[in-house]
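Q: The following block contains the structure, expressed as structure tokens.
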Amino acid sequence: MEKQPKLMNYARMKGVFDAHIEQMFKYAFINNELGMLYGDPSMFKLIIQQHKPPFIINDFRMGLIAKGHAVVSVNLVEKKLEPGMLLFVGPGTILYPFSYTNDLEIYGIGLFDDFPMPQTPSTFNGQVRDFQVKADDTDITTARHIIDTIWHVVHQPDYNRQTVSCLAAAMMHLYDGVYQRHTDKLQASQSREQTIFDRFIYLVNQYATREHQIRFYAEKMCLTERYLGTVIRQASGTTAKEWIDRALIEHIKIELKHSDKSIALISEGLNFPNPAFFSKYFKRETGMTPGEYRQKK
């Protein structure tokens, strides 16, 4: 059993890169500060094969889809990725790739803990955990130019980390502008119900490990429990409690599968009143006790 949560961080990505370096060096780059995918998604595919999802992302990732399609779950919400999309995932994201086409082509960059982070625009200050936005040709071309330049700089013998930091800042500001325009347009056309649903999912992703009752989310959104429950069911076909349970069970499974914490300690950390209640809850949702799930996995 692994002794820590399955973070898809620098160490795990470097392990995959080093084991397939002859295959990877033309299409991927990695050091202790950043990683890059440059068109060919072979490293992405190898990571999925060798480290089964879901993955926890605890750093910043930005990219674009140039060709092909993929279906992934990002923080509980299924997303269809297609050419012309700009992608961002931030710290705390739970990522579960479902499928991808053989012609998938991705360009992107990951900024690890040791990266000299520039001053970040508002989208990257923790308010937004992820987004996937269809961008116009000009923005896609600009993003690709920035990625191309970073790729060129990191392969120079006199690699200049400050230059890369400034280029990453430019990329963040580009993505921030695209996201803000997208949000403004969406809010103008989006129904109130969809806006409430999006806010609810954001809060569930942020608080589900500590807050298990609809009341908390309703109060946070200044709504009644009944109204929130009605809107969430209408917007998604799933009850608000089911969304909370889905997020909580996902976190429990990750803890059981990828940590050596005792069941009592996991129960306490996820704010259950006692281990017995925790075990009954998990069995009701999955058909197995926590111990049976851990042994099976």
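A note on labels: chains of the structure tokens are A, B, ... as shown, every chain counts residues from 1, and ligands are counted from 1 in their shown order.
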DSSP on the backbone, then: every residue of segment 113-281 of chain A marked strand (DSSP E or B), written as number ranges by chain.
A: A: 130-134
Q: With only C-alpha atoms as the counted atoms, please give the residues lying no more than 6 Å from segment 37-40 of chain A, apart from itself and same-chain residues fewer than 2 positions off, as a PyMOL selection string.
A: chain A and resi 27-28+42+105-108
Q: Interatomic distance between atom CA of Arg144 of chain A and atom CA of Lys52 of chain A?
A: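 Interatomic distance here is 29.4 Å.
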Q: Would you please work out which residue, of A:Gln295, A:Ser236, A:Thr149, A:Thr230, is nearest to His258 of chain A when using only C-alpha atoms?
A: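 Looking only at the distances to His258 of chain A, the closest residue turns out to be A:Gln295.
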Q: If I take atom CA of Gly237 of chain A and atom CA of Lys185 of chain A, how far is one from the other in Å, to one decimal?
A: 24.8 Å
Q: Out of A:Cys222, A:His145, A:Asn271, A:Glu255, which residue has the shortest atom-to-atom distance to Tyr207 of chain A when counting only C-alpha atoms?
A: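 Once distances to Tyr207 of chain A are computed over only C-alpha atoms, the minimum belongs to A:Asn271.
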Q: Write out as a PDB file with C-alpha atoms, in the first residue's frame which residues come within 10 Å of Cys166 of chain A when counting only C-alpha atoms, dropping same-chain ones fewer than 6 positions away.
A:
ATOM      1  CA  PRO A 116       9.525  31.102  -8.940  1.00  0.00           C
ATOM      2  CA  MET A 117       5.865  32.100  -9.107  1.00  0.00           C
ATOM      3  CA  PRO A 118       5.142  35.567 -10.502  1.00  0.00           C
ATOM      4  CA  GLN A 119       2.438  37.830  -9.144  1.00  0.00           C
ATOM      5  CA  ILE A 150       8.987  28.549 -22.988  1.00  0.00           C
ATOM      6  CA  MET A 172      -1.527  33.399 -16.727  1.00  0.00           C
TER       7      MET A 172
END
Q: For Ser262 of chain A, find every residue with an atom within 12 Å (counting only C-alpha atoms), except residues of its own chain fewer than 2 positions away, and show them as a ChimeraX atom specification.
A: /A:3,252,255-260,264-269,275,290-291,294
Q: Need the shell around Glu292 of chain A: protein/DNA/RNA residues with any atom at most 12 Å away, counting only C-alpha atoms. Skip same-chain ones fewer than 3 positions apart. Format as a list in words?
A: Lys253, Leu256, Lys257, Ile263, Ser279, Phe282, Lys283, Thr286, Gly287, Met288, Thr289, Gln295, Lys296 and Lys297 of chain A
Q: Using only C-alpha atoms, can you tell me which of A:Leu87, A:Phe115, A:Met24, A:Phe124 comes closest to Gln162 of chain A?
A: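 Result for the nearest residue to Gln162 of chain A: A:Phe115.
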Q: Compile the contact shell of Glu211 of chain A as a PyMOL selection string: residues with an atom at most 9 Å away, counting only C-alpha atoms, same-chain residues fewer than 3 positions apart removed.
A: chain A and resi 204+207-208+214+216-217+244+270-271
Q: Rounded to one decimal, what separation in Å do you get between atom CA of Ile30 of chain A and atom CA of Thr93 of chain A?
A: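 Going from atom CA of Ile30 of chain A over to atom CA of Thr93 of chain A, I get 20.6 Å.
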Q: Measuring between only C-alpha atoms, which one of A:Ala169, A:Val128, A:Ala70, A:Leu95 shows the shortest distance to Ile147 of chain A?
A: A:Ala169
Q: Just want the 9 Å neighbourhood of Ala240 of chain A, counted on only C-alpha atoms, with same-chain residues fewer than 4 positions away dropped. Output as an MDAnalysis selection string.
A: chainID A and resid 200 214 228:233 244:245
Q: Residues as selected, N, CA and C atoms, written as a PDB file, in the first residue's frame, can you do that?
A:
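Contents of the output file selection.pdb:
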ATOM      1  N   PHE A 200     -22.784  25.954  -6.166  1.00  0.00           N
ATOM      2  CA  PHE A 200     -22.929  24.829  -5.242  1.00  0.00           C
ATOM      3  C   PHE A 200     -21.800  23.810  -5.451  1.00  0.00           C
ATOM      4  N   ILE A 214     -26.701  19.633   3.733  1.00  0.00           N
ATOM      5  CA  ILE A 214     -27.140  20.660   2.785  1.00  0.00           C
ATOM      6  C   ILE A 214     -27.268  22.020   3.481  1.00  0.00           C
ATOM      7  N   LEU A 228     -32.630  25.341  -2.477  1.00  0.00           N
ATOM      8  CA  LEU A 228     -31.364  24.859  -3.030  1.00  0.00           C
ATOM      9  C   LEU A 228     -31.524  23.436  -3.553  1.00  0.00           C
ATOM     10  N   GLY A 229     -32.169  22.573  -2.763  1.00  0.00           N
ATOM     11  CA  GLY A 229     -32.367  21.196  -3.196  1.00  0.00           C
ATOM     12  C   GLY A 229     -33.168  21.102  -4.483  1.00  0.00           C
ATOM     13  N   THR A 230     -34.204  21.923  -4.593  1.00  0.00           N
ATOM     14  CA  THR A 230     -35.036  21.919  -5.799  1.00  0.00           C
ATOM     15  C   THR A 230     -34.244  22.364  -7.024  1.00  0.00           C
ATOM     16  N   VAL A 231     -33.470  23.438  -6.875  1.00  0.00           N
ATOM     17  CA  VAL A 231     -32.690  23.972  -7.995  1.00  0.00           C
ATOM     18  C   VAL A 231     -31.631  22.968  -8.451  1.00  0.00           C
ATOM     19  N   ILE A 232     -30.929  22.354  -7.508  1.00  0.00           N
ATOM     20  CA  ILE A 232     -29.860  21.417  -7.875  1.00  0.00           C
ATOM     21  C   ILE A 232     -30.426  20.216  -8.614  1.00  0.00           C
ATOM     22  N   ARG A 233     -31.571  19.706  -8.163  1.00  0.00           N
ATOM     23  CA  ARG A 233     -32.196  18.578  -8.864  1.00  0.00           C
ATOM     24  C   ARG A 233     -32.633  18.983 -10.271  1.00  0.00           C
ATOM     25  N   ILE A 244     -23.005  15.938  -2.587  1.00  0.00           N
ATOM     26  CA  ILE A 244     -22.149  15.996  -1.401  1.00  0.00           C
ATOM     27  C   ILE A 244     -21.586  14.611  -1.094  1.00  0.00           C
ATOM     28  N   ASP A 245     -22.455  13.598  -1.120  1.00  0.00           N
ATOM     29  CA  ASP A 245     -22.012  12.227  -0.841  1.00  0.00           C
ATOM     30  C   ASP A 245     -20.989  11.759  -1.868  1.00  0.00           C
TER      31      ASP A 245
END
Q: Between A:Glu219, A:Asp114, A:Glu285, A:Glu82, which has the minimum distance to Gln132 of chain A (counting only C-alpha atoms)?
A: A:Glu82
Q: Which residue out of A:Ile47, A:Ile109, A:Val89, A:Met62 has the minimum interatomic distance to Gln127 of chain A when only C-alpha atoms are used?
A: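 The shortest atom-to-atom distance to Gln127 of chain A comes from A:Val89.
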Q: From segment 108-255 of chain A, collect each residue whose DSSP state is helix (DSSP H, G or I) and return the set as a PyMOL selection string.
A: chain A and resi 122-124+137-154+161-189+192-207+214-220+225-236+240-255
